>>> print(open('protein-v5.cif').read())   # mmCIF, C-alpha atoms
data_my_file
loop_
_atom_site.label_atom_id
_atom_site.label_comp_id
_atom_site.auth_asym_id
_atom_site.auth_seq_id
_atom_site.Cartn_x
_atom_site.Cartn_y
_atom_site.Cartn_z
CA MET Y 1 0.00 0.00 0.00
CA LYS Y 2 2.85 2.37 0.92
CA LYS Y 3 4.66 1.53 -2.34
CA ARG Y 4 1.53 2.31 -4.37
CA GLY Y 5 1.17 5.67 -2.62
CA THR Y 6 4.79 6.49 -3.40
CA LEU Y 7 4.29 5.57 -7.07
CA ASN Y 8 1.16 7.74 -7.30
CA SER Y 9 3.03 10.69 -5.78
CA ALA Y 10 5.85 10.20 -8.28
CA LYS Y 11 3.37 10.65 -11.16
CA TRP Y 12 3.38 14.40 -10.42
CA LEU Y 13 6.93 14.46 -11.82
CA LEU Y 14 6.04 12.83 -15.14
CA PRO Y 15 6.54 14.93 -18.33
CA GLY Y 16 3.52 16.98 -19.36
CA MET Y 17 2.01 17.31 -15.87
CA ARG Y 18 2.89 21.04 -15.84
CA VAL Y 19 3.55 21.13 -12.12
CA LYS Y 20 7.33 20.52 -11.90
CA ARG Y 21 8.24 24.09 -12.91
CA TRP Y 22 6.01 25.57 -10.23
CA LEU Y 23 7.22 23.11 -7.60
CA ALA Y 24 10.80 24.05 -8.47
CA LEU Y 25 10.02 27.76 -8.37
CA GLY Y 26 8.31 27.29 -5.00
CA ILE Y 27 11.41 25.57 -3.61
CA ILE Y 28 13.59 28.42 -4.93
CA GLY Y 29 11.30 30.95 -3.27
CA ALA Y 30 11.49 29.06 0.02
CA CYS Y 31 15.31 28.95 -0.19
CA ILE Y 32 15.53 32.70 -0.84
CA ALA Y 33 13.21 33.34 2.13
CA MET Y 34 15.32 31.11 4.41
CA LEU Y 35 18.50 32.93 3.35
CA GLY Y 36 16.80 36.23 4.14
CA ILE Y 37 15.79 34.98 7.58
CA ALA Y 38 19.40 33.89 8.22
CA LEU Y 39 20.67 37.37 7.38
CA VAL Y 40 18.02 39.01 9.57
CA ASN Y 41 19.03 36.62 12.34
CA HIS Y 42 22.67 37.85 11.97
CA GLY Y 43 23.89 34.32 11.47
CA ARG Y 44 23.13 33.24 15.04
CA PRO Y 45 22.78 29.46 15.51
CA MET Y 46 19.38 28.11 14.60
CA ASP Y 47 18.92 24.47 13.55
CA ALA Y 48 16.62 25.17 10.64
CA LEU Y 49 18.94 27.92 9.37
CA SER Y 50 22.30 26.21 9.89
CA PRO Y 51 22.95 25.64 6.15
CA TRP Y 52 22.23 29.28 5.42
CA ASN Y 53 24.32 30.47 8.37
CA HIS Y 54 27.25 28.46 6.99
CA LEU Y 55 26.69 30.01 3.56
CA ILE Y 56 26.74 33.52 5.06
CA GLN Y 57 29.89 32.71 7.04
CA MET Y 58 31.65 31.40 3.90
CA ALA Y 59 30.74 34.58 1.99
CA SER Y 60 31.93 36.76 4.90
CA ASP Y 61 35.29 34.97 5.06
CA ARG Y 62 35.84 35.17 1.30
CA TRP Y 63 35.05 38.84 0.88
CA ASN Y 64 36.13 39.86 4.39
CA VAL Y 65 32.75 41.45 5.12
CA ALA Y 66 30.80 40.95 8.35
CA LEU Y 67 27.56 39.98 6.62
CA SER Y 68 26.14 38.47 9.78
CA LYS Y 69 26.50 41.69 11.80
CA SER Y 70 26.07 44.73 9.54
CA ASP Y 71 22.90 46.78 9.24
CA ALA Y 72 23.17 46.44 5.48
CA ALA Y 73 23.01 42.67 5.87
CA PHE Y 74 19.86 43.05 8.00
CA GLY Y 75 18.18 45.13 5.29
CA ALA Y 76 19.27 42.74 2.59
CA GLY Y 77 17.85 39.89 4.64
CA LEU Y 78 14.46 41.58 4.81
CA ALA Y 79 14.54 42.17 1.06
CA LEU Y 80 15.43 38.53 0.37
CA LEU Y 81 12.72 37.36 2.77
CA ALA Y 82 10.08 39.45 1.01
CA CYS Y 83 11.33 38.33 -2.41
CA GLY Y 84 11.34 34.66 -1.39
CA VAL Y 85 7.82 34.80 0.04
CA GLY Y 86 6.58 36.57 -3.11
CA VAL Y 87 8.15 33.96 -5.38
CA PHE Y 88 6.69 31.14 -3.26
CA ILE Y 89 3.17 32.62 -3.33
CA TYR Y 90 3.35 33.15 -7.09
CA ALA Y 91 4.53 29.57 -7.63
CA PHE Y 92 1.75 28.22 -5.41
CA SER Y 93 -0.94 30.22 -7.25
CA GLN Y 94 0.32 29.01 -10.63
CA LEU Y 95 0.42 25.43 -9.38
CA THR Y 96 -3.19 25.72 -8.21
CA HIS Y 97 -4.22 27.23 -11.54
CA SER Y 98 -2.47 24.44 -13.45
CA ILE Y 99 -4.30 21.75 -11.47
CA ALA Y 100 -7.66 23.57 -11.70
CA THR Y 101 -7.50 23.98 -15.48
CA SER Y 102 -6.66 20.29 -15.89
CA LEU Y 103 -9.78 19.38 -13.88
CA ASN Y 104 -11.92 21.80 -15.88
CA PRO Y 105 -10.17 22.97 -19.07
CA ALA Y 106 -12.90 25.51 -19.81
CA GLY Y 107 -12.98 26.91 -16.30
CA THR Y 108 -10.80 28.90 -13.94
CA ASN Y 109 -9.65 28.66 -10.34
CA ALA Y 110 -13.26 29.18 -9.29
CA ALA Y 111 -14.05 25.63 -10.48
CA LEU Y 112 -11.62 24.20 -7.93
CA VAL Y 113 -12.99 26.47 -5.22
CA ASP Y 114 -16.52 25.25 -5.99
CA VAL Y 115 -15.41 21.63 -5.72
CA VAL Y 116 -13.76 22.23 -2.35
CA TYR Y 117 -16.79 24.24 -1.17
CA ARG Y 118 -19.16 21.45 -2.09
CA ASN Y 119 -17.06 18.61 -0.75
CA ARG Y 120 -16.07 20.29 2.50
CA TYR Y 121 -18.51 23.01 3.57
CA LEU Y 122 -21.78 21.76 2.06
CA ALA Y 123 -20.98 18.19 3.12
CA GLN Y 124 -21.26 19.41 6.72
CA GLY Y 125 -24.71 20.91 6.10
CA PRO Y 126 -27.95 19.65 7.68
CA ARG Y 127 -29.50 16.37 6.55
CA VAL Y 128 -32.59 17.24 4.52
CA VAL Y 129 -35.18 14.79 3.19
CA VAL Y 130 -37.76 15.99 0.69
CA LEU Y 131 -40.78 14.02 -0.55
CA GLY Y 132 -42.85 14.85 -3.60
CA GLY Y 133 -42.71 15.03 -7.36
CA GLY Y 134 -43.34 17.25 -10.34
CA THR Y 135 -41.81 20.64 -11.10
CA GLY Y 136 -42.46 22.00 -7.60
CA LEU Y 137 -40.03 19.57 -6.01
CA SER Y 138 -37.24 20.21 -8.52
CA THR Y 139 -37.67 23.98 -8.08
CA MET Y 140 -37.16 23.68 -4.32
CA LEU Y 141 -34.12 21.43 -4.72
CA ARG Y 142 -32.30 24.13 -6.71
CA GLY Y 143 -32.45 26.36 -3.66
CA LEU Y 144 -31.66 23.71 -1.04
CA LYS Y 145 -28.45 22.58 -2.76
CA GLN Y 146 -26.94 26.01 -2.06
CA HIS Y 147 -27.13 25.26 1.69
CA THR Y 148 -26.25 21.57 1.97
CA SER Y 149 -25.27 18.56 -0.09
CA ASN Y 150 -26.84 16.17 2.43
CA ILE Y 151 -30.11 16.05 0.50
CA THR Y 152 -32.24 12.97 -0.14
CA ALA Y 153 -35.09 13.51 -2.60
CA VAL Y 154 -37.78 10.81 -2.38
CA VAL Y 155 -39.73 10.93 -5.62
CA THR Y 156 -43.13 9.51 -6.54
CA VAL Y 157 -43.20 6.90 -9.33
CA THR Y 158 -46.81 7.08 -10.54
CA ASP Y 159 -46.37 9.29 -13.63
CA ASP Y 160 -48.01 7.58 -16.60
CA GLY Y 161 -48.06 10.41 -19.16
CA GLY Y 162 -45.74 11.68 -21.86
CA SER Y 163 -42.26 10.27 -22.26
CA SER Y 164 -42.31 8.58 -18.84
CA GLY Y 165 -45.54 6.76 -19.59
CA LYS Y 166 -44.28 5.52 -22.95
CA LEU Y 167 -41.04 4.18 -21.51
CA GLN Y 168 -42.89 2.54 -18.64
CA LYS Y 169 -45.13 0.63 -21.05
CA GLN Y 170 -42.48 -0.17 -23.68
CA LEU Y 171 -39.56 -1.12 -21.39
CA ASN Y 172 -41.36 -2.05 -18.17
CA ILE Y 173 -39.31 0.40 -16.11
CA LEU Y 174 -40.40 2.88 -13.46
CA PRO Y 175 -41.35 6.30 -14.89
CA PRO Y 176 -38.12 8.35 -14.98
CA GLY Y 177 -39.48 11.87 -15.64
CA ASP Y 178 -39.78 13.27 -12.10
CA ILE Y 179 -36.52 11.60 -11.11
CA ARG Y 180 -34.78 13.18 -14.11
CA ASN Y 181 -36.03 16.65 -13.13
CA CYS Y 182 -34.70 16.21 -9.60
CA LEU Y 183 -31.32 14.97 -10.85
CA VAL Y 184 -30.98 18.02 -13.07
CA ALA Y 185 -32.05 20.34 -10.23
CA LEU Y 186 -29.30 18.94 -7.96
CA ALA Y 187 -26.66 18.77 -10.69
CA ASP Y 188 -23.26 20.43 -10.56
CA ALA Y 189 -22.69 19.60 -14.21
CA GLU Y 190 -22.17 22.36 -16.75
CA ALA Y 191 -25.21 23.99 -18.38
CA THR Y 192 -24.74 22.08 -21.64
CA MET Y 193 -25.07 18.76 -19.82
CA THR Y 194 -28.24 19.77 -17.97
CA ASP Y 195 -29.73 21.18 -21.19
CA LEU Y 196 -28.95 17.83 -22.82
CA PHE Y 197 -30.80 15.92 -20.10
CA GLN Y 198 -33.88 18.10 -20.55
CA TYR Y 199 -33.80 18.06 -24.36
CA ARG Y 200 -36.90 16.62 -26.04
CA PHE Y 201 -36.95 15.19 -29.55
CA ARG Y 202 -39.52 17.34 -31.34
CA GLY Y 203 -37.83 18.65 -34.47
CA ASN Y 204 -38.87 18.07 -38.06
CA GLY Y 205 -38.03 14.58 -39.18
CA THR Y 206 -38.24 13.10 -35.68
CA GLY Y 207 -39.78 9.64 -35.90
CA GLU Y 208 -42.70 8.58 -33.73
CA GLY Y 209 -40.41 6.29 -31.75
CA LEU Y 210 -38.40 9.27 -30.46
CA ARG Y 211 -40.95 12.07 -30.55
CA ASP Y 212 -41.47 13.87 -27.22
CA HIS Y 213 -38.96 11.69 -25.38
CA ALA Y 214 -36.57 13.56 -23.06
CA PHE Y 215 -32.94 12.58 -23.55
CA GLY Y 216 -32.51 12.18 -19.79
CA ASN Y 217 -35.38 9.69 -19.67
CA LEU Y 218 -33.76 7.66 -22.44
CA LEU Y 219 -30.42 7.70 -20.62
CA ILE Y 220 -31.98 6.47 -17.37
CA ALA Y 221 -33.78 3.77 -19.36
CA ALA Y 222 -30.48 2.73 -20.98
CA MET Y 223 -28.75 2.70 -17.58
CA SER Y 224 -31.53 0.44 -16.30
CA GLU Y 225 -30.95 -1.99 -19.18
CA ILE Y 226 -27.17 -1.94 -18.56
CA SER Y 227 -27.84 -2.54 -14.84
CA GLU Y 228 -29.92 -5.63 -15.69
CA GLY Y 229 -33.17 -3.99 -14.67
CA ASP Y 230 -31.86 -2.51 -11.40
CA PHE Y 231 -33.61 0.89 -11.53
CA GLU Y 232 -32.10 2.11 -8.26
CA ARG Y 233 -28.60 1.47 -9.59
CA ALA Y 234 -29.50 3.18 -12.86
CA VAL Y 235 -30.51 6.34 -10.99
CA ARG Y 236 -27.31 6.15 -8.92
CA GLU Y 237 -25.12 5.88 -12.03
CA THR Y 238 -26.97 8.75 -13.71
CA SER Y 239 -26.39 10.82 -10.57
CA ARG Y 240 -22.65 10.35 -11.06
CA VAL Y 241 -22.87 11.57 -14.65
CA LEU Y 242 -24.46 14.82 -13.44
CA ASN Y 243 -22.31 15.02 -10.28
CA ILE Y 244 -25.34 15.90 -8.16
CA ARG Y 245 -25.35 17.34 -4.64
CA GLY Y 246 -27.21 14.73 -2.63
CA ARG Y 247 -29.13 11.74 -3.94
CA VAL Y 248 -32.45 10.96 -5.59
CA LEU Y 249 -34.45 7.85 -4.67
CA PRO Y 250 -37.74 6.46 -5.97
CA SER Y 251 -40.24 6.08 -3.12
CA THR Y 252 -40.68 2.42 -4.11
CA LEU Y 253 -39.27 0.05 -6.71
CA LYS Y 254 -42.63 -1.64 -7.23
CA HIS Y 255 -44.72 -0.76 -10.27
CA VAL Y 256 -47.78 0.98 -8.85
CA VAL Y 257 -50.82 2.59 -10.42
CA LEU Y 258 -52.62 5.57 -8.92
CA LYS Y 259 -56.39 5.24 -8.49
CA GLY Y 260 -58.66 8.13 -7.67
CA GLU Y 261 -62.16 8.14 -6.24
CA LEU Y 262 -64.07 11.25 -7.32
CA VAL Y 263 -66.75 13.00 -5.25
CA ASP Y 264 -69.46 11.43 -7.43
CA GLY Y 265 -68.14 7.92 -6.66
CA THR Y 266 -66.43 7.38 -10.02
CA ILE Y 267 -63.10 5.53 -9.95
CA VAL Y 268 -60.44 6.73 -12.38
CA GLU Y 269 -57.10 5.01 -12.90
CA GLY Y 270 -53.76 6.61 -13.70
CA GLU Y 271 -52.20 9.93 -12.78
CA THR Y 272 -53.04 11.56 -16.10
CA ALA Y 273 -56.71 10.54 -15.89
CA ILE Y 274 -56.95 11.75 -12.29
CA ALA Y 275 -55.44 15.14 -13.12
CA SER Y 276 -57.92 15.64 -15.98
CA ALA Y 277 -60.99 14.19 -14.24
CA PRO Y 278 -64.16 16.35 -14.50
CA GLU Y 279 -65.02 15.98 -10.80
CA ARG Y 280 -63.03 16.80 -7.68
CA VAL Y 281 -60.86 14.02 -6.25
CA LYS Y 282 -62.08 12.58 -2.95
CA ARG Y 283 -59.51 9.89 -2.24
CA ILE Y 284 -56.33 8.40 -3.71
CA THR Y 285 -55.09 4.80 -3.44
CA LEU Y 286 -52.17 2.79 -4.79
CA SER Y 287 -52.60 -0.45 -6.68
CA PRO Y 288 -51.23 -2.78 -5.48
CA ASP Y 289 -51.42 -1.39 -1.96
CA ASP Y 290 -48.47 -3.36 -0.54
CA ALA Y 291 -45.65 -1.33 -2.13
CA GLN Y 292 -42.62 -1.14 0.16
CA PRO Y 293 -40.11 1.72 0.32
CA LEU Y 294 -36.38 1.40 -0.21
CA SER Y 295 -34.41 0.80 2.98
CA ASP Y 296 -32.35 3.89 2.11
CA VAL Y 297 -35.53 5.98 2.19
CA LEU Y 298 -36.42 4.84 5.70
CA GLU Y 299 -32.84 5.35 6.88
CA ALA Y 300 -32.73 8.88 5.45
CA ILE Y 301 -35.99 9.77 7.23
CA GLU Y 302 -34.65 8.36 10.50
CA LEU Y 303 -31.41 10.41 10.31
CA ALA Y 304 -32.90 13.63 8.92
CA ASP Y 305 -32.57 17.02 10.61
CA ILE Y 306 -35.54 18.37 8.67
CA ILE Y 307 -38.13 16.72 6.40
CA VAL Y 308 -39.95 18.64 3.69
CA ILE Y 309 -43.17 17.38 2.10
CA GLY Y 310 -44.08 19.02 -1.21
CA PRO Y 311 -44.56 21.27 -3.02
CA GLY Y 312 -46.42 19.58 -5.82
CA SER Y 313 -49.84 18.30 -6.84
CA VAL Y 314 -51.34 17.22 -3.53
CA PHE Y 315 -53.20 14.19 -4.92
CA THR Y 316 -50.77 13.03 -7.60
CA SER Y 317 -47.33 14.04 -6.28
CA VAL Y 318 -47.48 14.40 -2.48
CA ILE Y 319 -49.99 11.83 -1.20
CA PRO Y 320 -48.70 8.87 -3.33
CA ASN Y 321 -45.40 8.88 -1.41
CA LEU Y 322 -47.27 8.75 1.89
CA LEU Y 323 -49.27 5.71 0.70
CA VAL Y 324 -46.15 3.58 0.28
CA GLN Y 325 -46.17 1.27 3.30
CA GLY Y 326 -43.80 2.32 6.04
CA ILE Y 327 -43.17 5.91 4.95
CA ALA Y 328 -45.93 7.62 6.98
CA PRO Y 329 -45.05 5.70 10.20
CA ALA Y 330 -41.35 6.55 9.65
CA LEU Y 331 -42.26 10.23 9.33
CA ARG Y 332 -44.21 10.15 12.59
CA ARG Y 333 -41.32 8.45 14.42
CA SER Y 334 -38.71 10.86 13.14
CA PRO Y 335 -37.57 13.51 15.66
CA ALA Y 336 -36.78 15.89 12.77
CA LYS Y 337 -38.74 19.04 12.12
CA LYS Y 338 -41.34 18.36 9.43
CA VAL Y 339 -42.86 20.97 7.15
CA TYR Y 340 -45.42 20.82 4.35
CA ILE Y 341 -44.94 23.30 1.49
CA CYS Y 342 -48.40 24.35 0.30
CA ASN Y 343 -48.89 25.13 -3.39
CA VAL Y 344 -49.15 28.76 -4.51
CA MET Y 345 -51.94 28.19 -7.02
CA THR Y 346 -54.81 25.71 -7.19
CA GLN Y 347 -54.94 23.12 -9.96
CA ALA Y 348 -57.92 23.00 -12.26
CA GLY Y 349 -59.95 19.83 -11.78
CA GLU Y 350 -57.84 18.63 -8.86
CA THR Y 351 -57.86 21.29 -6.14
CA ASP Y 352 -60.45 23.81 -7.36
CA ASN Y 353 -60.97 26.59 -4.77
CA PHE Y 354 -58.72 24.84 -2.25
CA THR Y 355 -57.37 26.94 0.61
CA ALA Y 356 -54.14 26.07 2.43
CA SER Y 357 -56.09 24.18 5.09
CA ASP Y 358 -57.96 22.22 2.39
CA HIS Y 359 -54.62 20.96 1.08
CA VAL Y 360 -53.66 19.84 4.58
CA LYS Y 361 -57.07 18.19 5.12
CA ALA Y 362 -56.61 16.20 1.92
CA ILE Y 363 -53.29 14.85 3.22
CA ASP Y 364 -54.71 14.15 6.71
CA ALA Y 365 -57.51 12.12 5.15
CA HIS Y 366 -54.95 9.67 3.73
CA VAL Y 367 -52.79 9.07 6.83
CA PRO Y 368 -53.95 7.83 10.25
CA ARG Y 369 -52.09 10.58 12.12
CA PRO Y 370 -50.43 13.87 11.11
CA VAL Y 371 -46.97 13.51 9.56
CA PHE Y 372 -45.80 17.13 9.77
CA ASP Y 373 -45.90 20.04 12.22
CA TYR Y 374 -45.37 23.15 10.11
CA VAL Y 375 -47.16 24.42 7.02
CA LEU Y 376 -45.34 26.94 4.84
CA VAL Y 377 -47.88 29.18 3.11
CA ASN Y 378 -47.32 32.01 0.65
CA THR Y 379 -49.10 35.26 1.54
CA ALA Y 380 -47.84 37.42 -1.34
CA THR Y 381 -50.13 38.29 -4.25
CA PRO Y 382 -49.02 37.98 -7.88
CA THR Y 383 -49.77 40.69 -10.42
CA LEU Y 384 -53.31 41.06 -11.74
CA GLU Y 385 -52.12 40.10 -15.21
CA LEU Y 386 -50.79 36.76 -13.95
CA LEU Y 387 -53.89 36.10 -11.86
CA ASP Y 388 -56.10 36.75 -14.90
CA LYS Y 389 -53.94 34.41 -16.99
CA TYR Y 390 -54.34 31.61 -14.43
CA ARG Y 391 -58.03 32.28 -13.90
CA LYS Y 392 -58.66 31.60 -17.59
CA SER Y 393 -57.22 28.11 -17.13
CA GLY Y 394 -59.27 27.51 -13.98
CA ALA Y 395 -56.51 28.11 -11.39
CA THR Y 396 -56.70 30.62 -8.54
CA LEU Y 397 -54.41 31.82 -5.75
CA VAL Y 398 -54.39 29.52 -2.71
CA GLN Y 399 -55.79 31.45 0.25
CA ALA Y 400 -53.62 31.41 3.36
CA ASP Y 401 -56.27 30.62 5.99
CA THR Y 402 -53.71 30.46 8.80
CA ASP Y 403 -56.29 30.69 11.61
CA ARG Y 404 -57.88 27.46 10.46
CA LEU Y 405 -54.45 25.80 10.22
CA ARG Y 406 -53.73 26.77 13.82
CA LYS Y 407 -57.06 25.32 14.95
CA MET Y 408 -56.08 22.09 13.22
CA GLY Y 409 -52.92 21.98 15.35
CA TYR Y 410 -50.39 23.10 12.74
CA ARG Y 411 -47.92 25.98 12.91
CA PRO Y 412 -48.11 28.14 9.77
CA ILE Y 413 -45.01 29.84 8.35
CA THR Y 414 -46.09 32.77 6.22
CA GLY Y 415 -44.24 35.09 3.88
CA ASN Y 416 -43.51 36.02 0.29
CA TYR Y 417 -42.19 32.85 -1.33
CA ILE Y 418 -43.14 33.36 -4.97
CA SER Y 419 -41.15 34.11 -8.09
CA GLN Y 420 -43.19 36.18 -10.53
CA THR Y 421 -42.05 35.66 -14.09
CA ASP Y 422 -44.42 34.44 -16.77
CA VAL Y 423 -45.70 31.82 -14.33
CA VAL Y 424 -46.47 31.85 -10.61
CA ARG Y 425 -44.33 29.39 -8.70
CA HIS Y 426 -42.17 29.20 -5.61
CA ASP Y 427 -38.87 31.07 -5.61
CA SER Y 428 -36.24 28.39 -4.94
CA GLY Y 429 -33.95 30.72 -2.96
CA LEU Y 430 -36.67 32.19 -0.72
CA LEU Y 431 -38.13 28.74 -0.11
CA ALA Y 432 -34.76 27.23 0.85
CA GLU Y 433 -33.97 30.11 3.23
CA ALA Y 434 -37.33 29.70 5.00
CA ILE Y 435 -36.70 25.96 5.41
CA MET Y 436 -33.18 26.50 6.74
CA ARG Y 437 -34.46 29.03 9.28
CA LEU Y 438 -36.47 26.26 10.93
CA LEU Y 439 -33.19 24.66 11.96
CA ILE Y 440 -31.93 27.73 13.83
#
>>> encode(input="protein-v5.cif", output="structure tokens")
Amino acid sequence: MKKRGTLNSAKWLLPGMRVKRWLALGIIGACIAMLGIALVNHGRPMDALSPWNHLIQMASDRWNVALSKSDAAFGAGLALLACGVGVFIYAFSQLTHSIATSLNPAGTNAALVDVVYRNRYLAQGPRVVVLGGGTGLSTMLRGLKQHTSNITAVVTVTDDGGSSGKLQKQLNILPPGDIRNCLVALADAEATMTDLFQYRFRGNGTGEGLRDHAFGNLLIAAMSEISEGDFERAVRETSRVLNIRGRVLPSTLKHVVLKGELVDGTIVEGETAIASAPERVKRITLSPDDAQPLSDVLEAIELADIIVIGPGSVFTSVIPNLLVQGIAPALRRSPAKKVYICNVMTQAGETDNFTASDHVKAIDAHVPRPVFDYVLVNTATPTLELLDKYRKSGATLVQADTDRLRKMGYRPITGNYISQTDVVRHDSGLLAEAIMRLLI
């Protein structure tokens, strides 16, 4: 083992490494600084300086000058010390730059700083577990990864529409869409790589086999095939490609179908059908109902400092995770602080006219006992133009009925948590800061 370590260290001296020149210059700088210290010390005995004291004595004897005692020698020593330190610092900075550019040829020293920051500082951050799905979850993850890399995202696997639905039927794999979005949200990879993962084949000439598929979904599907059907391993390997901060886990590895009972008694099957149902959803179930969570999911919940549920579609993204056997009891046992992130806007056909407390009631109706203590509710109002735009599609602003939440036994956390662009959604930075404040 020691021999191997010595051989690895010797590789730094191989031709083309571009570090030998800076190592040599650093050594020269250190030697100049030591000579300067010896002169400042007037040649008095000092173990570390003995070679330089001998050198000064030899020069004094040859030129018959008392270099070790004159004021001129003292000044020269200071000058040599400053020069040596300057040369050493310059050599060290160039060595760092050389290593950084080899790790990221298109980057600068900042790339190396980011790596150290992530691996050292963020690795000491709080342990955060988030449960949900859809775009709301991925939006929140972008903010959380700025505070910690100890993130475990537990993602629902009931999506049966679009690219995910096609791959699920054709390849018999779990739907990868929500998992892909979370991987991209946590990624440290360059923008081109994340754009590639989100790219959808829609251009002219695209065949029906590829149309509307996201490249990231296809990659996860390919990883699953390479991993002999091990979907968990496929997600883990894809995480390495994107160099994500944290990890993403499916809530269960069992193929499950979402079933919804509407207020008129009708039963609809599949997430897409539930989301587009004409009547309000009364209850959600999983089929089969014996789906078990990954052991890593239960362990993450047990060790978490804070657990975040949502945001996302309450019936099709949030509740399905809680229906996986073992997850709700694990949440209740956990000593961590637990917070539900309420949606900003209602969803047409699914949560029409829902207030914040209505969202919480829907969750409570599906679990025997409450699984969170806090409810984060937005109290800011978007622009009238945006509200009109959403109203035309049947969505309205979720009312923050905090008094009712308190009567239900929950502690509301209110504030402005929205990002107003062309859509109304949570601001990832504001959301993450509010969550982190709960740990203070």
>>> residues_around(input="protein-v5.cif", residues="Ile306 of chain Y", least_positions_apart="3", cutoff="8 Å", atoms="all atoms listed in the file", output="number ranges by chain")
Y: 126-129, 336-339, 439
>>> residues_around(input="protein-v5.cif", residues="Gly84 of chain Y", least_positions_apart="6", cutoff="7 Å", atoms="only C-alpha atoms", output="ChimeraX atom specification")
/Y:29-30,32-33
>>> residues_around(input="protein-v5.cif", residues="segment 384-389 of chain Y", least_positions_apart="4", cutoff="12 Å", atoms="only C-alpha atoms", output="short mmCIF file (atom, residue, chain, number, x, y, z; two decimals) with C-alpha atoms, in the coordinates of the input")
data_model
loop_
_atom_site.label_atom_id
_atom_site.label_comp_id
_atom_site.auth_asym_id
_atom_site.auth_seq_id
_atom_site.Cartn_x
_atom_site.Cartn_y
_atom_site.Cartn_z
CA VAL Y 344 -49.15 28.76 -4.51
CA MET Y 345 -51.94 28.19 -7.02
CA THR Y 346 -54.81 25.71 -7.19
CA SER Y 393 -57.22 28.11 -17.13
CA GLY Y 394 -59.27 27.51 -13.98
CA ALA Y 395 -56.51 28.11 -11.39
CA THR Y 396 -56.70 30.62 -8.54
CA LEU Y 397 -54.41 31.82 -5.75
CA VAL Y 398 -54.39 29.52 -2.71
CA SER Y 419 -41.15 34.11 -8.09
CA GLN Y 420 -43.19 36.18 -10.53
CA THR Y 421 -42.05 35.66 -14.09
CA ASP Y 422 -44.42 34.44 -16.77
CA VAL Y 423 -45.70 31.82 -14.33
CA VAL Y 424 -46.47 31.85 -10.61
CA ARG Y 425 -44.33 29.39 -8.70
#
>>> closest_residue(input="protein-v5.cif", among="Y:Ile435, Y:Leu131, Y:Val155, Y:Leu25", to="Gln94 of chain Y", atoms="only C-alpha atoms")
Y:Leu25
>>> closest_residue(input="protein-v5.cif", among="Y:Thr351, Y:Thr272, Y:Ser149, Y:Thr96", to="Gly246 of chain Y", atoms="only C-alpha atoms")
Y:Ser149
>>> atom_distance(input="protein-v5.cif", atom1="atom CA of Val314 of chain Y", atom2="atom CA of Ile363 of chain Y")
7.4 Å
>>> atom_distance(input="protein-v5.cif", atom1="atom CA of Glu232 of chain Y", atom2="atom CA of Arg180 of chain Y")
12.8 Å
>>> resolve_selection(input="protein-v5.cif", expression="the PyMOL selection byres ((chain Y and resi 271) around 7)", output="NGL selection string")
:Y and (158-160 or 258 or 269-270 or 272-275 or 316)
>>> residues_around(input="protein-v5.cif", residues="segment 323-335 of chain Y", least_positions_apart="5", cutoff="8 Å", atoms="all atoms listed in the file", output="VMD selection string")
chain Y and resid 251 to 252 285 to 286 289 to 293 298 301 to 305 366 to 367 369 to 372
>>> resolve_selection(input="protein-v5.cif", expression="the PyMOL selection byres ((chain Y and resi 281) around 9)", output="PyMOL selection string")
chain Y and resi 260-263+274-275+277+279-280+282-284+315+349-351
>>> resolve_selection(input="protein-v5.cif", expression="the PyMOL selection byres ((chain Y and resi 405) around 10)", output="MDAnalysis selection string")
chainID Y and resid 356:358 360:361 374:375 400:404 406:412
>>> decode(input="protein-v5.cif", residues="segment 141-164 of chain Y", atoms="C-alpha atoms", output="mmCIF file, in the first residue's frame")
data_model
loop_
_atom_site.group_PDB
_atom_site.id
_atom_site.type_symbol
_atom_site.label_atom_id
_atom_site.label_comp_id
_atom_site.auth_asym_id
_atom_site.auth_seq_id
_atom_site.Cartn_x
_atom_site.Cartn_y
_atom_site.Cartn_z
ATOM 1 C CA LEU Y 141 -34.120 21.430 -4.719
ATOM 2 C CA ARG Y 142 -32.305 24.130 -6.714
ATOM 3 C CA GLY Y 143 -32.445 26.359 -3.655
ATOM 4 C CA LEU Y 144 -31.660 23.712 -1.043
ATOM 5 C CA LYS Y 145 -28.454 22.581 -2.760
ATOM 6 C CA GLN Y 146 -26.944 26.011 -2.058
ATOM 7 C CA HIS Y 147 -27.130 25.257 1.688
ATOM 8 C CA THR Y 148 -26.251 21.572 1.968
ATOM 9 C CA SER Y 149 -25.268 18.558 -0.091
ATOM 10 C CA ASN Y 150 -26.844 16.166 2.430
ATOM 11 C CA ILE Y 151 -30.112 16.054 0.501
ATOM 12 C CA THR Y 152 -32.242 12.971 -0.137
ATOM 13 C CA ALA Y 153 -35.091 13.509 -2.600
ATOM 14 C CA VAL Y 154 -37.777 10.813 -2.379
ATOM 15 C CA VAL Y 155 -39.731 10.928 -5.623
ATOM 16 C CA THR Y 156 -43.127 9.513 -6.544
ATOM 17 C CA VAL Y 157 -43.197 6.903 -9.328
ATOM 18 C CA THR Y 158 -46.805 7.076 -10.542
ATOM 19 C CA ASP Y 159 -46.370 9.286 -13.628
ATOM 20 C CA ASP Y 160 -48.011 7.583 -16.604
ATOM 21 C CA GLY Y 161 -48.065 10.408 -19.161
ATOM 22 C CA GLY Y 162 -45.738 11.685 -21.861
ATOM 23 C CA SER Y 163 -42.260 10.272 -22.258
ATOM 24 C CA SER Y 164 -42.306 8.577 -18.841
#
